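*Asks:* Contents of structure-v4.cif (mmCIF, C-alpha atoms and all ligand atoms):
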data_work
loop_
_atom_site.label_atom_id
_atom_site.label_comp_id
_atom_site.auth_asym_id
_atom_site.auth_seq_id
_atom_site.Cartn_x
_atom_site.Cartn_y
_atom_site.Cartn_z
CA MET A 1 79.42 52.29 198.36
CA SER A 2 82.58 52.58 200.45
CA ILE A 3 82.84 55.36 203.03
CA GLY A 4 85.33 57.12 200.75
CA GLN A 5 82.87 57.01 197.85
CA GLN A 6 80.05 58.22 200.12
CA ILE A 7 82.17 61.20 201.17
CA ILE A 8 83.01 62.20 197.59
CA ALA A 9 79.39 61.75 196.49
CA ALA A 10 78.15 63.90 199.40
CA CYS A 11 80.55 66.72 198.46
CA GLU A 12 79.45 66.49 194.81
CA ARG A 13 75.80 66.68 195.88
CA LEU A 14 76.37 69.71 198.11
CA GLY A 15 78.34 71.32 195.27
CA ARG A 16 75.20 71.55 193.14
CA HIS A 17 73.92 74.44 195.25
CA SER A 18 75.51 77.72 194.21
CA ASP A 19 74.68 81.42 194.24
CA ASP A 20 75.99 81.75 190.69
CA PRO A 21 75.20 79.25 187.94
CA ASP A 22 78.75 78.98 186.52
CA GLY A 23 80.85 78.21 189.58
CA LEU A 24 80.48 77.25 193.24
CA THR A 25 79.71 80.26 195.39
CA VAL A 26 77.88 79.87 198.68
CA ALA A 27 77.72 83.06 200.73
CA TYR A 28 76.41 83.19 204.29
CA LEU A 29 72.58 82.93 204.36
CA SER A 30 72.11 83.03 200.59
CA ALA A 31 69.51 80.72 199.02
CA ALA A 32 72.25 78.20 198.16
CA HIS A 33 73.60 78.44 201.71
CA CYS A 34 70.18 77.62 203.18
CA ALA A 35 69.81 74.71 200.73
CA VAL A 36 73.18 73.28 201.78
CA ALA A 37 72.27 73.68 205.46
CA ALA A 38 68.99 71.83 204.86
CA GLU A 39 70.76 69.03 203.02
CA LEU A 40 73.37 68.68 205.77
CA LYS A 41 70.62 68.54 208.38
CA GLN A 42 68.93 65.77 206.42
CA ALA A 43 72.19 63.83 206.05
CA MET A 44 72.86 64.11 209.79
CA VAL A 45 69.37 62.87 210.66
CA ALA A 46 69.78 59.97 208.23
CA ALA A 47 73.08 59.09 209.93
CA GLY A 48 71.30 58.88 213.28
CA LEU A 49 72.45 62.21 214.74
CA ALA A 50 70.27 64.51 216.86
CA VAL A 51 70.35 67.80 214.94
CA THR A 52 70.03 71.41 216.04
CA VAL A 53 70.55 74.64 214.12
CA ASP A 54 72.05 77.23 216.45
CA ALA A 55 71.65 81.01 216.64
CA VAL A 56 74.32 81.71 214.03
CA GLY A 57 73.09 79.03 211.59
CA ASN A 58 75.55 76.26 212.41
CA VAL A 59 74.05 72.82 211.85
CA ILE A 60 75.13 70.59 214.74
CA GLY A 61 74.58 66.84 214.85
CA ARG A 62 75.07 64.94 218.08
CA LEU A 63 75.80 61.28 218.63
CA ALA A 64 75.45 60.64 222.37
CA CYS A 65 77.40 57.78 223.90
CA GLY A 66 74.84 57.20 226.65
CA ARG A 67 77.01 58.17 229.62
CA PRO A 68 75.57 61.29 231.29
CA ASP A 69 78.95 62.66 232.40
CA ALA A 70 80.78 61.95 229.15
CA PRO A 71 82.77 64.79 227.54
CA THR A 72 82.06 65.85 223.97
CA LEU A 73 84.44 65.73 221.05
CA LEU A 74 83.63 68.49 218.58
CA THR A 75 84.53 67.89 214.97
CA GLY A 76 83.55 69.78 211.84
CA SER A 77 84.37 72.51 209.37
CA HIS A 78 82.60 75.20 207.34
CA PHE A 79 80.08 74.87 204.51
CA ASP A 80 80.22 78.38 203.07
CA THR A 81 82.65 78.94 200.19
CA VAL A 82 84.75 81.65 198.61
CA ARG A 83 83.62 83.04 195.26
CA ASN A 84 83.97 80.29 192.66
CA GLY A 85 85.36 77.88 195.25
CA GLY A 86 85.94 74.14 195.48
CA ARG A 87 83.60 71.32 196.46
CA PHE A 88 85.79 69.84 199.20
CA ASP A 89 87.06 72.92 201.05
CA GLY A 90 85.27 72.79 204.42
CA ARG A 91 82.60 70.29 203.37
CA LEU A 92 85.02 67.34 203.59
CA GLY A 93 85.39 68.02 207.34
CA ILE A 94 81.60 67.81 207.74
CA VAL A 95 80.57 64.91 205.51
CA LEU A 96 83.45 62.66 206.63
CA PRO A 97 82.39 62.62 210.30
CA ILE A 98 78.73 62.26 209.26
CA ALA A 99 79.71 59.15 207.29
CA LEU A 100 81.66 57.86 210.30
CA ALA A 101 78.75 58.57 212.66
CA ARG A 102 76.49 56.54 210.37
CA HIS A 103 79.09 53.76 210.39
CA LEU A 104 79.27 53.83 214.21
CA ASN A 105 75.49 53.70 214.46
CA GLU A 106 75.21 50.84 212.01
CA SER A 107 78.00 48.81 213.59
CA GLY A 108 76.74 49.48 217.11
CA GLU A 109 80.15 50.75 218.24
CA ARG A 110 79.99 53.38 220.97
CA LEU A 111 82.89 55.73 221.61
CA PRO A 112 83.35 56.65 225.29
CA PHE A 113 82.50 60.29 224.53
CA ASP A 114 79.69 62.17 222.83
CA LEU A 115 80.47 63.18 219.27
CA GLU A 116 79.25 66.45 217.80
CA VAL A 117 79.58 67.17 214.11
CA ALA A 118 79.56 70.93 213.58
CA ALA A 119 78.76 72.26 210.13
CA PHE A 120 79.90 75.86 210.58
CA ALA A 121 77.78 78.36 208.68
CA GLU A 122 80.55 80.80 207.89
CA GLU A 123 84.32 80.85 207.82
CA GLU A 124 85.36 82.47 204.55
CA GLY A 125 83.91 85.95 205.07
CA LEU A 126 82.67 86.26 201.50
CA ARG A 127 79.48 88.21 202.22
CA PHE A 128 80.27 90.32 205.29
CA ALA A 129 84.08 90.14 205.43
CA SER A 130 83.71 88.49 208.84
CA THR A 131 85.68 85.32 209.50
CA PHE A 132 85.11 82.40 211.84
CA LEU A 133 81.55 83.60 212.34
CA GLY A 134 80.42 80.00 212.85
CA SER A 135 83.12 78.73 215.20
CA SER A 136 84.06 81.84 217.21
CA PRO A 137 80.89 81.93 219.40
CA LEU A 138 81.51 78.37 220.64
CA VAL A 139 84.78 79.41 222.26
CA GLY A 140 83.59 82.81 223.47
CA GLN A 141 85.48 84.74 220.78
CA PHE A 142 82.50 86.20 218.93
CA ASP A 143 82.84 89.88 218.09
CA ALA A 144 79.31 91.35 218.29
CA ASN A 145 80.38 94.37 216.21
CA VAL A 146 80.23 92.24 213.04
CA LEU A 147 76.43 92.09 213.41
CA GLU A 148 76.32 95.69 212.20
CA CYS A 149 78.41 94.97 209.05
CA THR A 150 76.60 95.31 205.75
CA ASP A 151 76.98 93.25 202.59
CA ALA A 152 77.51 94.66 199.08
CA SER A 153 73.81 95.46 198.74
CA GLY A 154 73.63 97.22 202.11
CA VAL A 155 71.92 94.45 204.10
CA ARG A 156 73.02 94.39 207.74
CA MET A 157 74.21 91.02 209.02
CA ARG A 158 71.81 91.28 211.98
CA ASP A 159 68.86 91.73 209.60
CA ALA A 160 69.97 88.95 207.26
CA MET A 161 70.11 86.63 210.26
CA LYS A 162 66.63 87.61 211.47
CA ASP A 163 65.24 87.16 207.95
CA ALA A 164 66.69 83.64 207.93
CA GLY A 165 64.97 82.87 211.25
CA LEU A 166 68.19 83.03 213.26
CA ASP A 167 68.70 84.78 216.58
CA PRO A 168 71.57 87.31 216.55
CA ASP A 169 71.01 88.11 220.22
CA GLY A 170 71.40 84.44 221.09
CA ILE A 171 74.93 84.14 219.69
CA ALA A 172 76.67 85.14 222.92
CA GLY A 173 74.89 82.22 224.61
CA LEU A 174 76.49 79.67 222.26
CA ARG A 175 79.72 79.64 224.28
CA ARG A 176 80.45 76.11 225.42
CA ASP A 177 81.99 75.28 228.75
CA PRO A 178 85.50 74.06 227.83
CA ALA A 179 85.35 71.61 230.75
CA SER A 180 82.52 69.75 229.00
CA LEU A 181 84.55 69.35 225.80
CA LEU A 182 87.27 66.86 225.02
CA GLY A 183 88.54 69.10 222.25
CA TYR A 184 88.18 69.89 218.57
CA TYR A 185 89.27 67.88 215.54
CA GLU A 186 89.04 68.94 211.90
CA VAL A 187 89.65 67.13 208.63
CA HIS A 188 90.40 69.47 205.73
CA ILE A 189 91.65 69.20 202.18
CA GLU A 190 95.26 70.41 202.17
CA GLN A 191 94.63 73.29 199.74
CA GLY A 192 98.23 73.04 198.59
CA PRO A 193 100.62 70.78 196.66
CA VAL A 194 102.84 69.37 199.44
CA LEU A 195 101.18 65.96 199.92
CA LEU A 196 100.57 65.57 196.19
CA HIS A 197 104.24 66.20 195.42
CA ALA A 198 105.34 63.81 198.16
CA GLY A 199 102.96 61.12 196.90
CA GLU A 200 101.29 60.88 200.32
CA ALA A 201 97.58 60.77 201.12
CA LEU A 202 97.44 62.29 204.60
CA GLY A 203 99.27 64.92 206.62
CA VAL A 204 99.16 65.66 210.34
CA VAL A 205 98.99 69.39 211.03
CA THR A 206 101.42 70.63 213.67
CA SER A 207 100.42 74.27 213.74
CA ILE A 208 98.20 76.72 211.91
CA ALA A 209 100.25 79.61 210.64
CA GLY A 210 99.54 83.08 211.88
CA CYS A 211 99.88 86.01 209.58
CA VAL A 212 101.51 89.41 209.64
CA ARG A 213 100.66 92.01 207.01
CA HIS A 214 102.11 95.35 206.09
CA CYS A 215 101.06 97.94 203.57
CA CYS A 216 104.15 99.56 202.01
CA ARG A 217 104.57 102.87 200.22
CA VAL A 218 107.58 103.90 198.15
CA ILE A 219 107.93 107.52 197.04
CA GLY A 220 110.43 108.38 194.31
CA THR A 221 110.57 111.13 191.71
CA ALA A 222 108.29 111.06 188.70
CA GLY A 223 109.87 112.07 185.41
CA HIS A 224 109.71 111.88 181.65
CA ALA A 225 110.39 108.34 180.43
CA GLY A 226 112.51 109.73 177.59
CA THR A 227 114.54 112.55 179.10
CA VAL A 228 115.90 111.36 182.45
CA PRO A 229 119.12 109.28 182.10
CA MET A 230 119.10 105.99 184.01
CA PRO A 231 121.70 106.98 186.66
CA LEU A 232 119.69 110.08 187.60
CA ARG A 233 116.39 108.32 188.22
CA HIS A 234 114.62 107.71 191.52
CA ASP A 235 112.12 105.19 190.19
CA ALA A 236 109.61 104.14 192.85
CA GLY A 237 108.42 101.22 190.72
CA THR A 238 111.78 99.50 190.27
CA ALA A 239 112.64 100.20 193.92
CA ALA A 240 109.42 98.48 195.03
CA ALA A 241 110.15 95.59 192.66
CA GLU A 242 113.59 95.11 194.22
CA MET A 243 112.02 95.17 197.68
CA VAL A 244 109.55 92.43 196.76
CA LEU A 245 112.37 90.31 195.32
CA ALA A 246 114.34 90.84 198.55
CA MET A 247 111.32 89.56 200.49
CA GLU A 248 111.13 86.51 198.25
CA ALA A 249 114.84 85.76 198.66
CA ARG A 250 114.67 86.15 202.46
CA CYS A 251 111.67 83.83 202.76
CA ARG A 252 113.18 81.22 200.45
CA ALA A 253 116.36 81.15 202.51
CA ASP A 254 114.68 81.01 205.93
CA PRO A 255 116.21 78.25 208.06
CA SER A 256 112.77 77.18 209.38
CA ALA A 257 111.70 76.37 205.78
CA THR A 258 108.14 77.32 206.74
CA VAL A 259 108.17 81.08 206.09
CA VAL A 260 106.16 82.16 203.06
CA GLY A 261 105.95 85.73 201.82
CA THR A 262 103.57 87.24 199.29
CA ALA A 263 103.15 90.67 197.73
CA GLY A 264 99.58 90.09 196.57
CA ARG A 265 98.98 93.72 195.72
CA PHE A 266 101.54 95.70 193.79
CA GLU A 267 100.82 98.86 191.92
CA VAL A 268 102.38 101.95 190.47
CA VAL A 269 100.15 104.74 191.74
CA ARG A 270 98.73 106.80 188.84
CA GLY A 271 101.12 104.96 186.52
CA ALA A 272 101.46 105.81 182.85
CA THR A 273 103.49 104.23 180.06
CA ASN A 274 105.66 107.28 179.47
CA VAL A 275 106.21 108.35 183.09
CA ILE A 276 108.89 107.18 185.52
CA PRO A 277 106.91 105.90 188.53
CA GLY A 278 106.81 108.48 191.31
CA GLU A 279 104.93 106.31 193.79
CA ALA A 280 104.45 102.57 194.26
CA GLN A 281 102.54 100.60 196.84
CA PHE A 282 102.68 96.94 197.70
CA THR A 283 101.53 94.60 200.44
CA ILE A 284 103.53 92.12 202.48
CA ASP A 285 101.85 88.96 203.80
CA LEU A 286 104.21 86.75 205.84
CA ARG A 287 103.24 83.45 207.42
CA ALA A 288 105.07 80.65 209.19
CA ALA A 289 104.39 77.67 211.42
CA GLU A 290 105.80 79.64 214.36
CA ASP A 291 105.76 83.33 215.14
CA GLY A 292 109.51 83.59 215.88
CA PRO A 293 110.84 82.80 212.39
CA ARG A 294 108.03 84.86 210.84
CA ASP A 295 108.79 87.95 212.93
CA ARG A 296 112.54 87.65 212.33
CA ALA A 297 111.91 87.39 208.58
CA LEU A 298 109.67 90.45 208.71
CA ALA A 299 112.31 92.49 210.55
CA ASP A 300 114.92 91.51 207.95
CA VAL A 301 112.60 92.30 205.04
CA LEU A 302 111.75 95.76 206.38
CA LEU A 303 115.47 96.43 206.95
CA SER A 304 116.22 95.40 203.35
CA CYS A 305 113.48 97.72 202.11
CA GLN A 306 115.08 100.63 204.02
CA GLU A 307 118.52 99.81 202.55
CA ILE A 308 117.13 99.57 199.03
CA ALA A 309 115.29 102.88 199.51
CA ARG A 310 118.46 104.60 200.74
CA ARG A 311 120.59 103.27 197.88
CA ARG A 312 118.01 104.29 195.27
CA GLY A 313 117.20 107.69 196.74
CA VAL A 314 113.53 106.97 197.37
CA SER A 315 111.55 106.94 200.62
CA PHE A 316 109.98 103.87 202.16
CA ALA A 317 107.21 103.65 204.75
CA SER A 318 105.25 100.64 205.95
CA GLU A 319 102.21 100.21 208.12
CA LEU A 320 101.19 97.10 210.06
CA THR A 321 97.66 96.14 208.99
CA MET A 322 97.23 92.71 210.57
CA LYS A 323 99.00 90.42 213.03
CA VAL A 324 97.57 87.06 214.04
CA PRO A 325 99.62 84.60 216.11
CA ALA A 326 100.15 81.01 214.98
CA THR A 327 98.00 78.37 216.70
CA PRO A 328 99.96 75.24 217.59
CA CYS A 329 98.02 71.97 217.57
CA THR A 330 97.97 70.06 220.88
CA PRO A 331 101.21 68.01 220.93
CA ALA A 332 99.69 64.87 222.52
CA TRP A 333 96.90 64.93 219.94
CA VAL A 334 99.37 65.42 217.09
CA ASP A 335 101.25 62.34 218.28
CA ALA A 336 98.04 60.31 218.62
CA LEU A 337 96.83 61.35 215.17
CA ALA A 338 100.24 60.57 213.64
CA ALA A 339 100.16 57.14 215.28
CA ALA A 340 96.66 56.55 213.89
CA VAL A 341 97.82 57.48 210.38
CA ALA A 342 101.00 55.39 210.70
CA GLY A 343 98.82 52.46 211.78
CA PHE A 344 97.66 52.18 208.17
CA GLY A 345 101.24 51.99 206.91
CA LEU A 346 101.21 55.64 205.83
CA PRO A 347 104.12 58.06 206.34
CA ALA A 348 102.23 60.43 208.72
CA ARG A 349 104.00 63.53 207.48
CA ARG A 350 103.83 66.39 209.99
CA MET A 351 103.25 69.76 208.38
CA PRO A 352 102.09 73.26 209.22
CA SER A 353 98.90 74.69 207.76
CA GLY A 354 99.56 77.87 205.82
CA ALA A 355 95.85 78.64 205.59
CA GLY A 356 93.56 79.58 208.46
CA HIS A 357 90.82 77.15 209.51
CA ASP A 358 88.07 76.89 212.13
CA ALA A 359 90.57 74.76 214.10
CA MET A 360 92.60 77.94 214.58
CA MET A 361 89.69 79.57 216.43
CA MET A 362 88.74 76.43 218.39
CA GLY A 363 92.39 75.78 219.30
CA ARG A 364 92.48 79.01 221.28
CA ALA A 365 90.32 77.40 223.95
CA LEU A 366 90.46 73.64 223.43
CA PRO A 367 92.82 70.75 222.72
CA MET A 368 92.91 70.60 218.93
CA ALA A 369 94.19 68.46 216.07
CA MET A 370 93.83 68.61 212.33
CA LEU A 371 94.23 66.10 209.50
CA PHE A 372 95.09 67.17 205.95
CA VAL A 373 94.00 65.16 202.90
CA ARG A 374 95.86 65.29 199.59
CA CYS A 375 94.53 67.75 197.03
CA GLY A 376 94.64 66.69 193.35
CA ASN A 377 95.08 68.82 190.22
CA GLY A 378 98.43 70.28 191.25
CA GLY A 379 97.11 71.15 194.72
CA VAL A 380 94.75 73.86 193.52
CA SER A 381 92.04 75.00 195.94
CA HIS A 382 89.54 77.85 196.23
CA SER A 383 88.78 76.90 192.63
CA PRO A 384 86.30 74.64 190.82
CA ALA A 385 89.34 72.56 189.80
CA GLU A 386 89.83 71.51 193.45
CA THR A 387 89.65 67.72 193.68
CA MET A 388 90.53 64.68 195.77
CA THR A 389 90.04 60.92 195.49
CA ALA A 390 87.65 58.50 197.18
CA ALA A 391 90.65 56.34 198.13
CA ASP A 392 92.19 59.24 200.07
CA ALA A 393 88.82 60.03 201.66
CA GLU A 394 88.61 56.38 202.76
CA LEU A 395 92.08 56.57 204.36
CA ALA A 396 91.19 59.86 206.06
CA ALA A 397 88.02 58.30 207.49
CA ALA A 398 89.90 55.21 208.70
CA ALA A 399 92.65 57.30 210.33
CA THR A 400 90.03 59.56 211.92
CA LEU A 401 88.17 56.66 213.47
CA ALA A 402 91.44 55.17 214.76
CA PHE A 403 92.33 58.56 216.25
CA TRP A 404 88.94 58.87 217.93
CA ARG A 405 89.30 55.39 219.42
CA SER A 406 92.73 56.31 220.81
CA LEU A 407 91.30 59.53 222.29
CA GLY A 408 88.58 57.44 223.90
CA ALA A 409 91.12 55.06 225.39
CA ALA A 410 93.23 57.96 226.71
CA ALA A 411 90.17 59.71 228.16
CA GLN A 412 89.14 56.55 229.99
CA ASP A 413 92.66 55.99 231.34
CA ALA A 414 93.07 59.49 232.70
CA PRO A 415 90.14 61.87 232.32
CA ASP A 416 92.34 64.95 232.84
CA ARG A 417 95.32 64.04 230.72
CA ALA A 418 93.80 64.98 227.39
CA ARG A 419 93.32 68.51 228.63
CA GLU A 420 96.95 69.16 229.48
ZN ZN A 501 88.27 75.75 204.38
#
Show me, as structure tokens, the structure contained in the file I just sent.
*Replies:*
Amino acid sequence: MSIGQQIIAACERLGRHSDDPDGLTVAYLSAAHCAVAAELKQAMVAAGLAVTVDAVGNVIGRLACGRPDAPTLLTGSHFDTVRNGGRFDGRLGIVLPIALARHLNESGERLPFDLEVAAFAEEEGLRFASTFLGSSPLVGQFDANVLECTDASGVRMRDAMKDAGLDPDGIAGLRRDPASLLGYYEVHIEQGPVLLHAGEALGVVTSIAGCVRHCCRVIGTAGHAGTVPMPLRHDAGTAAAEMVLAMEARCRADPSATVVGTAGRFEVVRGATNVIPGEAQFTIDLRAAEDGPRDRALADVLLSCQEIARRRGVSFASELTMKVPATPCTPAWVDALAAAVAGFGLPARRMPSGAGHDAMMMGRALPMAMLFVRCGNGGVSHSPAETMTAADAELAAAATLAFWRSLGAAAQDAPDRARE
């Protein structure tokens, strides 16, 4: 079996464990979650890695290079899923480096750094609405308050962890000294249609988009659907609809071409078929590769909403509910990864990541790079229809190994340069 075929087969195998029988759902510390962790541990051992399970449930496999002072390259992704998720989201970034570690062991090649494959226990926040639970402790960003969160059946996270034999009080001690780490690298399925549409297998991530969210409220005047003439209406529903369309138009026209805007929730409050909407609420979710274009788009959108409200005789109010900055990938690593991809005669498209990933958390403290792999089926992800090919997995593995070798060469040339 080729490495690409091994990677696909490993994801298929892991995909058999699910909390619900119809789809693929693996919530933090569920029975399926523990089964996946056990299988990953086994796969790491079989690949010749020294395996530990840490206080938060991350499964970490280490391939030491034999030099006592060598830095460590961390690579990995998450193995929990969303509800009814896909088989490759997260898992690809775990099983690909395991396959490469096995290859390195079998071929006798030693990289000039230690390699650690991190299978992060939680990233999606399905059970406790926490995110980056697995990766955040490693870079000292763990928020201990989440331990008191409860799941839908009232189980506290702290208790669920103890029941699973984990050590919630040991999480703070998982912080790694950044000086001992070369950086973090993650392979992830694209979760979008860009590479598929371009006919390209791999993409080099330049930046992981941040996110700004607002909750918006439009108040108009309710009225009888039959008696109020159109010119006399102050319809909160149509006003909100125009505002959402203004957001769409602004994002589509943004000169950066990376701004995306979504009104994922939109409702007429206490709506009825025969009543002119008196109140509407909607959400704004704006993301971009860089914070500047995103924030300028947001300012314009909110201004448009005010103008639309004035013209229509309704009121508009918005409240900021979330603001996360974009995380740029490390430029020298982006260049090295692009060169590794181009070395296989591939276009090495540079692209932002619209979705958040563990790399976003790790990139706050460490040099970081990320490789995207083409998603099949129209680019659908977070769905059982998510798919990718063994040929693309093979290319991703080859480009990853070439990138690691180039990191090794750079680290040997100038131990401090990779950290700049
Ligand atoms: Zn993911």
*Asks:* Quote the spacing between CA of Tyr28 in chain A and CA of Thr387 in chain A in Å to one decimal place.
*Replies:*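 The value is 23.0 Å.
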*Asks:* Would you pick out the contacts of Ser77 in chain A at 9 Å or less, using only C-alpha atoms, so that residues sharing its chain but fewer than 5 positions from it are not included, and give the list as a PyMOL selection string?
*Replies:* chain A and resi 89-94+117-121+123+135+186-188+357-359
*Asks:* Rank A:Cys251, A:Met161, A:Ala236, A:Ala355 by their smallest atom-to-atom distance to ligand ZN 501 (chain A), using only C-alpha atoms and all ligand atoms, and report the top residue only.
*Replies:*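 The shortest atom-to-atom distance to ligand ZN 501 (chain A) comes from A:Ala355.
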*Asks:* For a quick check of understanding, using only C-alpha atoms, which of A:Gly220, A:Gly48, A:Gly165, A:Gly23 has the smallest distance to Ser383 in chain A?
*Replies:* A:Gly23
*Asks:* Mind listing whatever residues come within 10 Å of the point (77.8, 59.2, 201.5)? Use all atoms listed in the file, file coordinates, and give them as JSON, numbers by chain.
*Replies:* {"A": [1, 2, 3, 4, 5, 6, 7, 8, 9, 10, 11, 13, 43, 47, 95, 96, 98, 99, 100, 102]}
*Asks:* Please measure the separation of CA of Ala152 in chain A and CA of Ala35 in chain A, giving the value in Å to one decimal.
*Replies:* 21.4 Å
*Asks:* Generate the missing atoms of range 172-190 of chain A up to N, CA and C atoms and report them as an mmCIF file, in the frame of the given file.
*Replies:*
data_model
loop_
_atom_site.group_PDB
_atom_site.id
_atom_site.type_symbol
_atom_site.label_atom_id
_atom_site.label_comp_id
_atom_site.auth_asym_id
_atom_site.auth_seq_id
_atom_site.Cartn_x
_atom_site.Cartn_y
_atom_site.Cartn_z
ATOM 1 N N ALA A 172 75.775 85.117 221.748
ATOM 2 C CA ALA A 172 76.670 85.140 222.920
ATOM 3 C C ALA A 172 76.439 83.902 223.789
ATOM 4 N N GLY A 173 75.216 83.387 223.784
ATOM 5 C CA GLY A 173 74.890 82.220 224.610
ATOM 6 C C GLY A 173 75.374 80.900 224.040
ATOM 7 N N LEU A 174 76.024 80.923 222.881
ATOM 8 C CA LEU A 174 76.490 79.670 222.260
ATOM 9 C C LEU A 174 77.802 79.179 222.868
ATOM 10 N N ARG A 175 78.428 80.025 223.699
ATOM 11 C CA ARG A 175 79.720 79.640 224.280
ATOM 12 C C ARG A 175 79.565 78.328 225.031
ATOM 13 N N ARG A 176 80.490 77.412 224.756
ATOM 14 C CA ARG A 176 80.450 76.110 225.420
ATOM 15 C C ARG A 176 81.449 76.117 226.566
ATOM 16 N N ASP A 177 81.083 75.422 227.629
ATOM 17 C CA ASP A 177 81.990 75.280 228.750
ATOM 18 C C ASP A 177 83.134 74.364 228.337
ATOM 19 N N PRO A 178 84.381 74.893 228.281
ATOM 20 C CA PRO A 178 85.500 74.060 227.830
ATOM 21 C C PRO A 178 85.641 72.774 228.638
ATOM 22 N N ALA A 179 85.215 72.806 229.905
ATOM 23 C CA ALA A 179 85.350 71.610 230.750
ATOM 24 C C ALA A 179 84.469 70.467 230.262
ATOM 25 N N SER A 180 83.423 70.801 229.480
ATOM 26 C CA SER A 180 82.520 69.750 229.000
ATOM 27 C C SER A 180 83.012 69.166 227.669
ATOM 28 N N LEU A 181 84.084 69.755 227.136
ATOM 29 C CA LEU A 181 84.550 69.350 225.800
ATOM 30 C C LEU A 181 85.899 68.646 225.884
ATOM 31 N N LEU A 182 86.003 67.576 225.122
ATOM 32 C CA LEU A 182 87.270 66.860 225.020
ATOM 33 C C LEU A 182 88.244 67.667 224.164
ATOM 34 N N GLY A 183 87.706 68.309 223.132
ATOM 35 C CA GLY A 183 88.540 69.100 222.250
ATOM 36 C C GLY A 183 87.890 69.216 220.877
ATOM 37 N N TYR A 184 88.687 69.675 219.923
ATOM 38 C CA TYR A 184 88.180 69.890 218.570
ATOM 39 C C TYR A 184 89.112 69.229 217.562
ATOM 40 N N TYR A 185 88.510 68.581 216.584
ATOM 41 C CA TYR A 185 89.270 67.880 215.540
ATOM 42 C C TYR A 185 88.675 68.248 214.181
ATOM 43 N N GLU A 186 89.534 68.537 213.222
ATOM 44 C CA GLU A 186 89.040 68.940 211.900
ATOM 45 C C GLU A 186 89.811 68.214 210.802
ATOM 46 N N VAL A 187 89.062 67.690 209.850
ATOM 47 C CA VAL A 187 89.650 67.130 208.630
ATOM 48 C C VAL A 187 89.470 68.172 207.540
ATOM 49 N N HIS A 188 90.515 68.447 206.771
ATOM 50 C CA HIS A 188 90.400 69.470 205.730
ATOM 51 C C HIS A 188 91.258 69.070 204.545
ATOM 52 N N ILE A 189 90.802 69.402 203.356
ATOM 53 C CA ILE A 189 91.650 69.200 202.180
ATOM 54 C C ILE A 189 92.858 70.124 202.325
ATOM 55 N N GLU A 190 94.027 69.662 201.889
ATOM 56 C CA GLU A 190 95.260 70.410 202.170
ATOM 57 C C GLU A 190 95.239 71.813 201.583
#
